[in-house]
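*Asks:* Handing over run.txt, compact mmCIF, N, CA and C atoms.
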```txt
# COMPACT_ATOMS: atom_id res chain seq x y z
N MET H 122 15.08 -21.35 -9.02
CA MET H 122 15.50 -21.10 -10.39
C MET H 122 16.17 -19.73 -10.47
N ASN H 123 17.23 -19.67 -11.20
CA ASN H 123 18.01 -18.45 -11.28
C ASN H 123 17.52 -17.50 -12.37
N ASP H 124 16.81 -18.02 -13.34
CA ASP H 124 16.49 -17.24 -14.51
C ASP H 124 14.98 -16.93 -14.54
N LEU H 125 14.67 -15.66 -14.74
CA LEU H 125 13.29 -15.20 -14.71
C LEU H 125 12.42 -15.92 -15.73
N GLN H 126 12.92 -16.07 -16.94
CA GLN H 126 12.12 -16.72 -17.98
C GLN H 126 11.74 -18.15 -17.59
N SER H 127 12.71 -18.88 -17.06
CA SER H 127 12.45 -20.27 -16.64
C SER H 127 11.45 -20.32 -15.49
N LEU H 128 11.64 -19.43 -14.53
CA LEU H 128 10.75 -19.39 -13.37
C LEU H 128 9.32 -19.06 -13.81
N CYS H 129 9.16 -18.04 -14.63
CA CYS H 129 7.82 -17.66 -15.10
C CYS H 129 7.20 -18.78 -15.93
N ALA H 130 7.99 -19.42 -16.77
CA ALA H 130 7.48 -20.52 -17.59
C ALA H 130 7.03 -21.68 -16.70
N HIS H 131 7.79 -21.96 -15.65
CA HIS H 131 7.43 -23.06 -14.75
C HIS H 131 6.13 -22.73 -13.99
N VAL H 132 6.02 -21.50 -13.49
CA VAL H 132 4.81 -21.10 -12.77
C VAL H 132 3.61 -21.12 -13.72
N ARG H 133 3.80 -20.61 -14.93
CA ARG H 133 2.72 -20.59 -15.93
C ARG H 133 2.24 -22.01 -16.23
N GLN H 134 3.18 -22.92 -16.49
CA GLN H 134 2.81 -24.29 -16.84
C GLN H 134 2.12 -24.98 -15.66
N THR H 135 2.61 -24.75 -14.46
CA THR H 135 2.02 -25.35 -13.27
C THR H 135 0.59 -24.83 -13.07
N ALA H 136 0.41 -23.52 -13.23
CA ALA H 136 -0.93 -22.94 -13.09
C ALA H 136 -1.86 -23.48 -14.17
N TYR H 137 -1.35 -23.62 -15.38
CA TYR H 137 -2.16 -24.16 -16.47
C TYR H 137 -2.57 -25.61 -16.18
N ASP H 138 -1.63 -26.40 -15.67
CA ASP H 138 -1.94 -27.78 -15.30
C ASP H 138 -3.02 -27.84 -14.22
N ILE H 139 -2.96 -26.91 -13.27
CA ILE H 139 -3.98 -26.83 -12.22
C ILE H 139 -5.33 -26.47 -12.84
N HIS H 140 -5.31 -25.55 -13.77
CA HIS H 140 -6.54 -25.14 -14.46
C HIS H 140 -7.15 -26.32 -15.21
N LEU H 141 -6.32 -27.10 -15.85
CA LEU H 141 -6.83 -28.28 -16.57
C LEU H 141 -7.41 -29.31 -15.61
N TYR H 142 -6.70 -29.56 -14.52
CA TYR H 142 -7.11 -30.61 -13.58
C TYR H 142 -8.35 -30.21 -12.77
N HIS H 143 -8.31 -29.01 -12.18
CA HIS H 143 -9.39 -28.58 -11.29
C HIS H 143 -10.51 -27.84 -12.02
N GLY H 144 -10.23 -27.34 -13.21
CA GLY H 144 -11.24 -26.56 -13.92
C GLY H 144 -11.46 -25.22 -13.25
N HIS H 145 -12.52 -24.55 -13.64
CA HIS H 145 -12.85 -23.27 -13.01
C HIS H 145 -14.02 -23.50 -12.06
N GLY H 146 -14.25 -22.57 -11.17
CA GLY H 146 -15.38 -22.68 -10.26
C GLY H 146 -15.02 -22.80 -8.79
N HIS H 147 -13.74 -22.98 -8.49
CA HIS H 147 -13.32 -23.02 -7.08
C HIS H 147 -13.04 -21.61 -6.57
N LEU H 148 -12.96 -21.49 -5.27
CA LEU H 148 -12.54 -20.22 -4.68
C LEU H 148 -11.05 -20.01 -4.94
N GLU H 149 -10.66 -18.75 -4.92
CA GLU H 149 -9.26 -18.39 -5.17
C GLU H 149 -8.29 -19.13 -4.25
N LYS H 150 -8.67 -19.31 -3.00
CA LYS H 150 -7.80 -19.96 -2.01
C LYS H 150 -7.45 -21.39 -2.42
N VAL H 151 -8.37 -22.09 -3.05
CA VAL H 151 -8.11 -23.46 -3.50
C VAL H 151 -6.98 -23.45 -4.54
N TYR H 152 -7.06 -22.53 -5.49
CA TYR H 152 -6.02 -22.44 -6.52
C TYR H 152 -4.70 -21.98 -5.92
N GLU H 153 -4.76 -21.06 -4.97
CA GLU H 153 -3.55 -20.59 -4.30
C GLU H 153 -2.85 -21.76 -3.59
N ASN H 154 -3.61 -22.55 -2.85
CA ASN H 154 -3.04 -23.70 -2.15
C ASN H 154 -2.47 -24.72 -3.12
N ALA H 155 -3.19 -24.98 -4.21
CA ALA H 155 -2.73 -25.95 -5.21
C ALA H 155 -1.43 -25.49 -5.86
N LEU H 156 -1.38 -24.22 -6.25
CA LEU H 156 -0.19 -23.71 -6.91
C LEU H 156 1.00 -23.69 -5.94
N ALA H 157 0.78 -23.24 -4.71
CA ALA H 157 1.85 -23.24 -3.71
C ALA H 157 2.35 -24.66 -3.47
N HIS H 158 1.44 -25.60 -3.34
CA HIS H 158 1.81 -27.00 -3.10
C HIS H 158 2.67 -27.55 -4.23
N ARG H 159 2.22 -27.36 -5.47
CA ARG H 159 2.95 -27.92 -6.61
C ARG H 159 4.29 -27.23 -6.82
N LEU H 160 4.36 -25.93 -6.58
CA LEU H 160 5.65 -25.23 -6.73
C LEU H 160 6.63 -25.67 -5.65
N ARG H 161 6.14 -25.88 -4.44
CA ARG H 161 7.02 -26.38 -3.36
C ARG H 161 7.51 -27.78 -3.68
N LYS H 162 6.63 -28.62 -4.23
CA LYS H 162 7.05 -29.97 -4.62
C LYS H 162 8.16 -29.91 -5.67
N ALA H 163 8.17 -28.86 -6.47
CA ALA H 163 9.20 -28.68 -7.49
C ALA H 163 10.47 -28.06 -6.92
N GLY H 164 10.49 -27.80 -5.61
CA GLY H 164 11.69 -27.30 -4.97
C GLY H 164 11.80 -25.79 -4.89
N LEU H 165 10.73 -25.07 -5.18
CA LEU H 165 10.77 -23.62 -5.11
C LEU H 165 10.36 -23.13 -3.73
N ASP H 166 10.90 -21.99 -3.35
CA ASP H 166 10.53 -21.35 -2.09
C ASP H 166 9.27 -20.53 -2.35
N VAL H 167 8.18 -20.88 -1.68
CA VAL H 167 6.90 -20.20 -1.90
C VAL H 167 6.35 -19.71 -0.57
N LYS H 168 6.05 -18.43 -0.53
CA LYS H 168 5.41 -17.85 0.66
C LYS H 168 4.00 -17.43 0.26
N GLN H 169 3.01 -17.90 1.02
CA GLN H 169 1.63 -17.55 0.76
C GLN H 169 1.23 -16.35 1.60
N GLN H 170 0.31 -15.55 1.05
CA GLN H 170 -0.18 -14.34 1.71
C GLN H 170 0.99 -13.49 2.21
N TYR H 171 1.88 -13.19 1.29
CA TYR H 171 3.10 -12.43 1.59
C TYR H 171 2.74 -10.98 1.93
N PRO H 172 3.11 -10.52 3.13
CA PRO H 172 2.73 -9.17 3.55
C PRO H 172 3.54 -8.09 2.83
N ILE H 173 2.83 -7.06 2.39
CA ILE H 173 3.46 -5.92 1.73
C ILE H 173 2.98 -4.66 2.44
N LYS H 174 3.91 -3.87 2.93
CA LYS H 174 3.57 -2.63 3.63
C LYS H 174 3.66 -1.46 2.65
N VAL H 175 2.72 -0.54 2.78
CA VAL H 175 2.69 0.65 1.92
C VAL H 175 3.00 1.86 2.79
N PHE H 176 3.99 2.63 2.35
CA PHE H 176 4.43 3.80 3.10
C PHE H 176 4.16 5.07 2.31
N ASP H 177 3.87 6.16 3.03
CA ASP H 177 3.72 7.46 2.41
C ASP H 177 5.12 8.04 2.15
N GLU H 178 5.17 9.16 1.46
CA GLU H 178 6.46 9.73 1.09
C GLU H 178 7.35 10.08 2.28
N ASP H 179 6.74 10.33 3.45
CA ASP H 179 7.53 10.66 4.64
C ASP H 179 7.87 9.43 5.48
N GLY H 180 7.52 8.23 4.96
CA GLY H 180 7.85 7.00 5.67
C GLY H 180 6.77 6.48 6.59
N THR H 181 5.63 7.17 6.66
CA THR H 181 4.53 6.74 7.51
C THR H 181 3.83 5.53 6.89
N LEU H 182 3.63 4.50 7.70
CA LEU H 182 2.91 3.32 7.24
C LEU H 182 1.45 3.69 7.03
N ILE H 183 0.95 3.47 5.81
CA ILE H 183 -0.43 3.85 5.50
C ILE H 183 -1.31 2.66 5.11
N GLY H 184 -0.71 1.47 5.01
CA GLY H 184 -1.54 0.33 4.67
C GLY H 184 -0.75 -0.96 4.54
N ASP H 185 -1.49 -2.05 4.52
CA ASP H 185 -0.92 -3.39 4.35
C ASP H 185 -1.69 -4.11 3.25
N TYR H 186 -0.95 -4.85 2.45
CA TYR H 186 -1.54 -5.73 1.45
C TYR H 186 -0.99 -7.13 1.68
N TYR H 187 -1.59 -8.10 1.04
CA TYR H 187 -1.09 -9.46 1.09
C TYR H 187 -1.13 -10.04 -0.32
N ALA H 188 0.04 -10.23 -0.91
CA ALA H 188 0.12 -10.85 -2.22
C ALA H 188 -0.14 -12.34 -2.05
N ASP H 189 -0.80 -12.95 -3.02
CA ASP H 189 -1.14 -14.37 -2.90
C ASP H 189 0.11 -15.21 -2.71
N LEU H 190 1.11 -15.04 -3.59
CA LEU H 190 2.34 -15.83 -3.50
C LEU H 190 3.56 -14.97 -3.79
N LEU H 191 4.63 -15.29 -3.10
CA LEU H 191 5.96 -14.78 -3.43
C LEU H 191 6.82 -16.00 -3.71
N VAL H 192 7.31 -16.11 -4.94
CA VAL H 192 8.06 -17.30 -5.37
C VAL H 192 9.53 -16.96 -5.48
N ASP H 193 10.35 -17.75 -4.81
CA ASP H 193 11.80 -17.61 -4.80
C ASP H 193 12.28 -16.21 -4.41
N GLY H 194 11.47 -15.49 -3.66
CA GLY H 194 11.88 -14.20 -3.12
C GLY H 194 11.84 -13.04 -4.10
N TRP H 195 11.41 -13.28 -5.34
CA TRP H 195 11.43 -12.16 -6.29
C TRP H 195 10.34 -12.16 -7.33
N LEU H 196 9.41 -13.09 -7.28
CA LEU H 196 8.30 -13.10 -8.23
C LEU H 196 6.98 -13.12 -7.47
N ILE H 197 6.19 -12.04 -7.61
CA ILE H 197 4.87 -11.99 -7.00
C ILE H 197 3.88 -12.65 -7.97
N VAL H 198 3.06 -13.53 -7.43
CA VAL H 198 2.01 -14.17 -8.22
C VAL H 198 0.68 -13.83 -7.58
N GLU H 199 -0.17 -13.17 -8.35
CA GLU H 199 -1.50 -12.81 -7.87
C GLU H 199 -2.53 -13.61 -8.67
N LEU H 200 -3.37 -14.32 -7.95
CA LEU H 200 -4.38 -15.19 -8.57
C LEU H 200 -5.75 -14.54 -8.51
N LYS H 201 -6.54 -14.79 -9.55
CA LYS H 201 -7.91 -14.31 -9.61
C LYS H 201 -8.83 -15.43 -10.06
N THR H 202 -10.08 -15.33 -9.66
CA THR H 202 -11.12 -16.26 -10.13
C THR H 202 -12.26 -15.40 -10.67
N ALA H 203 -12.00 -14.73 -11.77
CA ALA H 203 -12.96 -13.81 -12.37
C ALA H 203 -13.36 -14.30 -13.76
N LYS H 204 -14.43 -13.74 -14.30
CA LYS H 204 -14.81 -14.07 -15.67
C LYS H 204 -13.70 -13.67 -16.63
N ALA H 205 -13.07 -12.53 -16.35
CA ALA H 205 -11.95 -12.04 -17.15
C ALA H 205 -11.14 -11.08 -16.29
N LEU H 206 -9.87 -10.93 -16.62
CA LEU H 206 -9.03 -9.98 -15.90
C LEU H 206 -9.42 -8.56 -16.29
N GLY H 207 -9.40 -7.67 -15.31
CA GLY H 207 -9.75 -6.28 -15.54
C GLY H 207 -8.63 -5.34 -15.18
N VAL H 208 -8.82 -4.08 -15.49
CA VAL H 208 -7.78 -3.08 -15.21
C VAL H 208 -7.50 -2.96 -13.72
N GLU H 209 -8.52 -3.23 -12.89
CA GLU H 209 -8.30 -3.17 -11.44
C GLU H 209 -7.35 -4.26 -10.97
N HIS H 210 -7.35 -5.40 -11.63
CA HIS H 210 -6.42 -6.49 -11.29
C HIS H 210 -5.00 -6.11 -11.68
N VAL H 211 -4.87 -5.48 -12.83
CA VAL H 211 -3.55 -5.00 -13.28
C VAL H 211 -3.02 -3.96 -12.30
N ALA H 212 -3.85 -3.02 -11.92
CA ALA H 212 -3.43 -1.98 -10.97
C ALA H 212 -3.00 -2.58 -9.65
N GLN H 213 -3.70 -3.63 -9.21
CA GLN H 213 -3.35 -4.28 -7.95
C GLN H 213 -1.95 -4.88 -8.02
N VAL H 214 -1.64 -5.59 -9.09
CA VAL H 214 -0.31 -6.21 -9.22
C VAL H 214 0.78 -5.14 -9.31
N LEU H 215 0.54 -4.11 -10.10
CA LEU H 215 1.54 -3.04 -10.21
C LEU H 215 1.74 -2.35 -8.86
N GLY H 216 0.67 -2.16 -8.10
CA GLY H 216 0.79 -1.58 -6.76
C GLY H 216 1.60 -2.47 -5.83
N TYR H 217 1.38 -3.78 -5.91
CA TYR H 217 2.15 -4.72 -5.09
C TYR H 217 3.63 -4.64 -5.44
N LEU H 218 3.94 -4.63 -6.73
CA LEU H 218 5.34 -4.58 -7.15
C LEU H 218 6.01 -3.31 -6.67
N LYS H 219 5.33 -2.19 -6.84
CA LYS H 219 5.90 -0.91 -6.42
C LYS H 219 6.13 -0.89 -4.91
N SER H 220 5.11 -1.28 -4.15
CA SER H 220 5.21 -1.22 -2.69
C SER H 220 6.21 -2.22 -2.14
N ALA H 221 6.30 -3.39 -2.74
CA ALA H 221 7.23 -4.42 -2.26
C ALA H 221 8.65 -4.18 -2.78
N ARG H 222 8.78 -3.23 -3.69
CA ARG H 222 10.07 -2.93 -4.33
C ARG H 222 10.62 -4.18 -5.04
N LEU H 223 9.71 -4.86 -5.70
CA LEU H 223 10.07 -6.01 -6.52
C LEU H 223 9.79 -5.67 -7.98
N GLU H 224 10.46 -6.35 -8.88
CA GLU H 224 10.34 -5.99 -10.29
C GLU H 224 9.41 -6.88 -11.11
N HIS H 225 9.14 -8.11 -10.66
CA HIS H 225 8.45 -9.06 -11.53
C HIS H 225 7.20 -9.63 -10.88
N GLY H 226 6.13 -9.71 -11.68
CA GLY H 226 4.88 -10.24 -11.19
C GLY H 226 4.09 -10.95 -12.28
N LEU H 227 3.30 -11.92 -11.85
CA LEU H 227 2.38 -12.62 -12.73
C LEU H 227 0.97 -12.46 -12.19
N LEU H 228 0.04 -12.22 -13.09
CA LEU H 228 -1.37 -12.15 -12.77
C LEU H 228 -2.04 -13.30 -13.51
N ILE H 229 -2.65 -14.20 -12.76
CA ILE H 229 -3.21 -15.42 -13.35
C ILE H 229 -4.68 -15.52 -12.99
N ASN H 230 -5.52 -15.74 -14.00
CA ASN H 230 -6.95 -15.92 -13.79
C ASN H 230 -7.31 -17.39 -14.01
N LEU H 231 -7.84 -18.02 -12.99
CA LEU H 231 -8.24 -19.42 -13.05
C LEU H 231 -9.75 -19.59 -12.96
N GLY H 232 -10.49 -18.49 -13.04
CA GLY H 232 -11.93 -18.54 -12.85
C GLY H 232 -12.74 -18.57 -14.12
N SER H 233 -12.09 -18.71 -15.24
CA SER H 233 -12.77 -18.69 -16.52
C SER H 233 -12.50 -19.99 -17.27
N TYR H 234 -13.29 -20.26 -18.30
CA TYR H 234 -13.00 -21.40 -19.16
C TYR H 234 -11.63 -21.24 -19.79
N LYS H 235 -11.29 -20.00 -20.11
CA LYS H 235 -10.02 -19.69 -20.77
C LYS H 235 -8.97 -19.33 -19.73
N PHE H 236 -7.83 -19.98 -19.78
CA PHE H 236 -6.71 -19.69 -18.89
C PHE H 236 -6.11 -18.34 -19.31
N GLU H 237 -5.94 -17.45 -18.34
CA GLU H 237 -5.35 -16.13 -18.62
C GLU H 237 -4.16 -15.90 -17.70
N MET H 238 -3.09 -15.36 -18.28
CA MET H 238 -1.94 -14.97 -17.49
C MET H 238 -1.31 -13.74 -18.11
N ARG H 239 -0.91 -12.81 -17.27
CA ARG H 239 -0.18 -11.62 -17.72
C ARG H 239 1.07 -11.46 -16.87
N LYS H 240 2.11 -11.05 -17.52
CA LYS H 240 3.41 -10.87 -16.86
C LYS H 240 3.70 -9.37 -16.78
N PHE H 241 4.22 -8.92 -15.64
CA PHE H 241 4.49 -7.51 -15.43
C PHE H 241 5.91 -7.29 -14.93
N ALA H 242 6.44 -6.13 -15.28
CA ALA H 242 7.75 -5.70 -14.77
C ALA H 242 7.60 -4.27 -14.29
N TRP H 243 8.11 -4.00 -13.12
CA TRP H 243 8.08 -2.66 -12.53
C TRP H 243 9.53 -2.30 -12.19
N PRO H 244 10.20 -1.54 -13.05
CA PRO H 244 11.62 -1.25 -12.81
C PRO H 244 11.82 -0.42 -11.54
N GLN H 245 12.69 -0.88 -10.68
CA GLN H 245 12.94 -0.19 -9.42
C GLN H 245 14.07 0.83 -9.51
N ASP H 246 14.88 0.74 -10.52
CA ASP H 246 16.01 1.65 -10.68
C ASP H 246 15.51 3.03 -11.10
N ALA H 247 15.71 4.03 -10.23
CA ALA H 247 15.21 5.37 -10.51
C ALA H 247 15.84 5.97 -11.78
N ALA H 248 17.03 5.56 -12.11
CA ALA H 248 17.68 6.09 -13.31
C ALA H 248 16.94 5.64 -14.57
N ARG H 249 16.27 4.48 -14.49
CA ARG H 249 15.53 4.00 -15.65
C ARG H 249 14.21 4.74 -15.80
N ARG H 250 13.80 5.43 -14.74
CA ARG H 250 12.55 6.19 -14.80
C ARG H 250 12.88 7.66 -14.89
N LYS H 251 12.94 8.20 -16.08
CA LYS H 251 13.30 9.60 -16.26
C LYS H 251 12.21 10.51 -15.70
N SER H 252 10.98 10.12 -15.89
CA SER H 252 9.87 10.87 -15.32
C SER H 252 8.69 9.93 -15.17
N LYS H 253 7.73 10.34 -14.36
CA LYS H 253 6.55 9.50 -14.16
C LYS H 253 5.79 9.31 -15.45
N SER H 254 5.68 10.36 -16.25
CA SER H 254 4.91 10.23 -17.49
C SER H 254 5.62 9.33 -18.48
N THR H 255 6.95 9.40 -18.56
CA THR H 255 7.69 8.52 -19.46
C THR H 255 7.54 7.08 -19.02
N PHE H 256 7.61 6.85 -17.71
CA PHE H 256 7.47 5.49 -17.21
C PHE H 256 6.06 4.97 -17.47
N LEU H 257 5.06 5.82 -17.22
CA LEU H 257 3.68 5.39 -17.44
C LEU H 257 3.48 5.01 -18.90
N LEU H 258 4.02 5.81 -19.80
CA LEU H 258 3.90 5.52 -21.23
C LEU H 258 4.56 4.19 -21.56
N SER H 259 5.76 3.93 -21.00
CA SER H 259 6.44 2.66 -21.28
C SER H 259 5.69 1.48 -20.67
N ALA H 260 5.08 1.66 -19.49
CA ALA H 260 4.32 0.58 -18.86
C ALA H 260 3.08 0.26 -19.68
N VAL H 261 2.40 1.30 -20.17
CA VAL H 261 1.21 1.08 -21.00
C VAL H 261 1.62 0.42 -22.31
N SER H 262 2.73 0.85 -22.90
CA SER H 262 3.21 0.24 -24.14
C SER H 262 3.54 -1.23 -23.93
N ALA H 263 4.20 -1.55 -22.82
CA ALA H 263 4.55 -2.94 -22.52
C ALA H 263 3.29 -3.77 -22.33
N PHE H 264 2.29 -3.19 -21.69
CA PHE H 264 1.03 -3.89 -21.46
C PHE H 264 0.38 -4.26 -22.78
N PHE H 265 0.31 -3.31 -23.71
CA PHE H 265 -0.31 -3.59 -25.01
C PHE H 265 0.56 -4.47 -25.88
N ALA H 266 1.88 -4.38 -25.73
CA ALA H 266 2.78 -5.25 -26.49
C ALA H 266 2.56 -6.70 -26.10
N PHE H 267 2.21 -6.93 -24.84
CA PHE H 267 1.96 -8.29 -24.37
C PHE H 267 0.81 -8.92 -25.16
N PHE H 268 -0.23 -8.11 -25.41
CA PHE H 268 -1.39 -8.63 -26.12
C PHE H 268 -1.16 -8.76 -27.62
N ALA H 269 -0.23 -8.00 -28.15
CA ALA H 269 0.06 -8.07 -29.57
C ALA H 269 0.82 -9.36 -29.92
N ALA H 270 1.53 -9.89 -28.91
CA ALA H 270 2.35 -11.09 -29.16
C ALA H 270 1.51 -12.34 -29.23
```
Could I get this structure in the form of structure tokens?
*Replies:*
Amino acid sequence: MNDLQSLCAHVRQTAYDIHLYHGHGHLEKVYENALAHRLRKAGLDVKQQYPIKVFDEDGTLIGDYYADLLVDGWLIVELKTAKALGVEHVAQVLGYLKSARLEHGLLINLGSYKFEMRKFAWPQDAARRKSKSTFLLSAVSAFFAFFAA
């Protein structure tokens, strides 16, 4: 899919359908496999356990992460099976986006009676980030704007 809104809507609906069919109570890997399977059946390119390397400011490799899914090469999808999404889950997705130098991510919780999904954007263009504090303020504002809608 060429358009972010369509791609996110498709992933959201597919994850919701999985939540309805399988319910809550499975391990995260079951939901990851189900979502990857259904998205591939829909013709999307899906990579599971996508490796993300973290570098220090001097270029030294300091760590590795694995995002649950990378969809069509530009959307990170992180799945959780928690009672509710927490700030640590948000921080994890934002860290993945920053380290992978990708702009778009979805955080989906399938472990609760209530289906939860949050969408994130991490602008990579340095010109759009005048300062760290300005960016942090805009990221926090965007986060709360999501809940206001």
*Asks:* Just how far from atom N of Val192 in chain H is atom N of Cys129 in chain H, in Å to one decimal?
*Replies:*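 Between atom N of Cys129 in chain H and atom N of Val192 in chain H the gap is 10.1 Å.
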*Asks:* Running DSSP on the backbone, which parts of chain H land in helix (DSSP H, G or I), as a PyMOL selection string?
*Replies:* chain H and resi 125-143+149-162+208-221+247-249+253-269
*Asks:* Let me make sure I understand: among H:Trp243, H:Leu200, H:Ile139, H:Tyr217, which one has the smallest atom-to-atom distance to Tyr186 in chain H if we use all atoms listed in the file?
*Replies:*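 Looking only at the distances to Tyr186 in chain H, the closest residue turns out to be H:Tyr217.
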*Asks:* Return the padded bounding box of range 173-180 of chain H as AutoDock Vina command-line options: axis-aligned, built from all atoms listed in the file, 6 Å added on each side, with centre and edge lengths in Å to one decimal.
*Replies:*
```
--center_x 5.3 --center_y 1.8 --center_z 3.8 --size_x 17.2 --size_y 29.7 --size_z 17.5
```
*Asks:* Write out as a compact mmCIF listing (two decimals) with N, CA and C atoms, keeping the file's coordinate frame the set of residues from chain H that DSSP, computed on the backbone, places in strand (DSSP E or B).
*Replies:*
```txt
# COMPACT_ATOMS: atom_id res chain seq x y z
N VAL H 167 8.18 -20.88 -1.68
CA VAL H 167 6.90 -20.20 -1.90
C VAL H 167 6.35 -19.71 -0.57
N LYS H 168 6.05 -18.43 -0.53
CA LYS H 168 5.41 -17.85 0.66
C LYS H 168 4.00 -17.43 0.26
N GLN H 169 3.01 -17.90 1.02
CA GLN H 169 1.63 -17.55 0.76
C GLN H 169 1.23 -16.35 1.60
N GLN H 170 0.31 -15.55 1.05
CA GLN H 170 -0.18 -14.34 1.71
C GLN H 170 0.99 -13.49 2.21
N TYR H 171 1.88 -13.19 1.29
CA TYR H 171 3.10 -12.43 1.59
C TYR H 171 2.74 -10.98 1.93
N PRO H 172 3.11 -10.52 3.13
CA PRO H 172 2.73 -9.17 3.55
C PRO H 172 3.54 -8.09 2.83
N ILE H 173 2.83 -7.06 2.39
CA ILE H 173 3.46 -5.92 1.73
C ILE H 173 2.98 -4.66 2.44
N LYS H 174 3.91 -3.87 2.93
CA LYS H 174 3.57 -2.63 3.63
C LYS H 174 3.66 -1.46 2.65
N VAL H 175 2.72 -0.54 2.78
CA VAL H 175 2.69 0.65 1.92
C VAL H 175 3.00 1.86 2.79
N PHE H 176 3.99 2.63 2.35
CA PHE H 176 4.43 3.80 3.10
C PHE H 176 4.16 5.07 2.31
N LEU H 182 3.63 4.50 7.70
CA LEU H 182 2.91 3.32 7.24
C LEU H 182 1.45 3.69 7.03
N ILE H 183 0.95 3.47 5.81
CA ILE H 183 -0.43 3.85 5.50
C ILE H 183 -1.31 2.66 5.11
N GLY H 184 -0.71 1.47 5.01
CA GLY H 184 -1.54 0.33 4.67
C GLY H 184 -0.75 -0.96 4.54
N ASP H 185 -1.49 -2.05 4.52
CA ASP H 185 -0.92 -3.39 4.35
C ASP H 185 -1.69 -4.11 3.25
N TYR H 186 -0.95 -4.85 2.45
CA TYR H 186 -1.54 -5.73 1.45
C TYR H 186 -0.99 -7.13 1.68
N TYR H 187 -1.59 -8.10 1.04
CA TYR H 187 -1.09 -9.46 1.09
C TYR H 187 -1.13 -10.04 -0.32
N ALA H 188 0.04 -10.23 -0.91
CA ALA H 188 0.12 -10.85 -2.22
C ALA H 188 -0.14 -12.34 -2.05
N ASP H 189 -0.80 -12.95 -3.02
CA ASP H 189 -1.14 -14.37 -2.90
C ASP H 189 0.11 -15.21 -2.71
N LEU H 190 1.11 -15.04 -3.59
CA LEU H 190 2.34 -15.83 -3.50
C LEU H 190 3.56 -14.97 -3.79
N LEU H 191 4.63 -15.29 -3.10
CA LEU H 191 5.96 -14.78 -3.43
C LEU H 191 6.82 -16.00 -3.71
N VAL H 192 7.31 -16.11 -4.94
CA VAL H 192 8.06 -17.30 -5.37
C VAL H 192 9.53 -16.96 -5.48
N LEU H 196 9.41 -13.09 -7.28
CA LEU H 196 8.30 -13.10 -8.23
C LEU H 196 6.98 -13.12 -7.47
N ILE H 197 6.19 -12.04 -7.61
CA ILE H 197 4.87 -11.99 -7.00
C ILE H 197 3.88 -12.65 -7.97
N VAL H 198 3.06 -13.53 -7.43
CA VAL H 198 2.01 -14.17 -8.22
C VAL H 198 0.68 -13.83 -7.58
N GLU H 199 -0.17 -13.17 -8.35
CA GLU H 199 -1.50 -12.81 -7.87
C GLU H 199 -2.53 -13.61 -8.67
N LEU H 200 -3.37 -14.32 -7.95
CA LEU H 200 -4.38 -15.19 -8.57
C LEU H 200 -5.75 -14.54 -8.51
N LYS H 201 -6.54 -14.79 -9.55
CA LYS H 201 -7.91 -14.31 -9.61
C LYS H 201 -8.83 -15.43 -10.06
N HIS H 225 9.14 -8.11 -10.66
CA HIS H 225 8.45 -9.06 -11.53
C HIS H 225 7.20 -9.63 -10.88
N GLY H 226 6.13 -9.71 -11.68
CA GLY H 226 4.88 -10.24 -11.19
C GLY H 226 4.09 -10.95 -12.28
N LEU H 227 3.30 -11.92 -11.85
CA LEU H 227 2.38 -12.62 -12.73
C LEU H 227 0.97 -12.46 -12.19
N LEU H 228 0.04 -12.22 -13.09
CA LEU H 228 -1.37 -12.15 -12.77
C LEU H 228 -2.04 -13.30 -13.51
N ILE H 229 -2.65 -14.20 -12.76
CA ILE H 229 -3.21 -15.42 -13.35
C ILE H 229 -4.68 -15.52 -12.99
N ASN H 230 -5.52 -15.74 -14.00
CA ASN H 230 -6.95 -15.92 -13.79
C ASN H 230 -7.31 -17.39 -14.01
N GLU H 237 -5.94 -17.45 -18.34
CA GLU H 237 -5.35 -16.13 -18.62
C GLU H 237 -4.16 -15.90 -17.70
N MET H 238 -3.09 -15.36 -18.28
CA MET H 238 -1.94 -14.97 -17.49
C MET H 238 -1.31 -13.74 -18.11
N ARG H 239 -0.91 -12.81 -17.27
CA ARG H 239 -0.18 -11.62 -17.72
C ARG H 239 1.07 -11.46 -16.87
N LYS H 240 2.11 -11.05 -17.52
CA LYS H 240 3.41 -10.87 -16.86
C LYS H 240 3.70 -9.37 -16.78
N PHE H 241 4.22 -8.92 -15.64
CA PHE H 241 4.49 -7.51 -15.43
C PHE H 241 5.91 -7.29 -14.93
N ALA H 242 6.44 -6.13 -15.28
CA ALA H 242 7.75 -5.70 -14.77
C ALA H 242 7.60 -4.27 -14.29
```
*Asks:* Excluding Asp185 in chain H and any residue of its chain fewer than 6 positions from it, enumerate the residues within 12 Å of it, using only C-alpha atoms, and give them as a PyMOL selection string.
*Replies:* chain H and resi 170-177+216-217+220-221
*Asks:* So how many Å separate CA of Val211 in chain H and CA of Leu228 in chain H, to one decimal?
*Replies:*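 Taking CA of Val211 in chain H and CA of Leu228 in chain H, their separation equals 7.5 Å.
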*Asks:* For atom N of Gln213 in chain H and CA of Arg161 in chain H, quote the distance in Å rounded to one decimal.
*Replies:*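 If I compute the distance from atom N of Gln213 in chain H to CA of Arg161 in chain H, I get 25.8 Å.
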*Asks:* Using 7 Å as the limit and counting all atoms listed in the file, can you tabulate each residue of range 205-248 of chain H that touches range 140-160 of chain H, with its shortest atom-to-atom distance in Å and the two atoms involved, as JSON lines?
*Replies:*
```
{"residue": "H:Leu231", "atom": "C", "partner": "H:His145", "partner_atom": "CA", "distance": 4.8}
{"residue": "H:Gly232", "atom": "CA", "partner": "H:His145", "partner_atom": "CA", "distance": 4.8}
{"residue": "H:Ser233", "atom": "N", "partner": "H:His145", "partner_atom": "CA", "distance": 5.1}
{"residue": "H:Tyr234", "atom": "N", "partner": "H:His145", "partner_atom": "CA", "distance": 6.1}
```
*Asks:* Considering all atoms listed in the file, state which residue in the set H:Gln134, H:Asp166, H:Glu237, H:Lys219 is at the smallest distance from Leu191 in chain H.
*Replies:*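 Selected residue with least distance to Leu191 in chain H: H:Asp166.
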*Asks:* Would you mind listing what lies within 6.5 Å of Gln245 in chain H as a list in words, with all atoms listed in the file counted and same-chain residues fewer than 5 positions away left out?
*Replies:*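 Once the adjacent positions are removed, what remains is Arg222, Leu223 and Glu224 of chain H.
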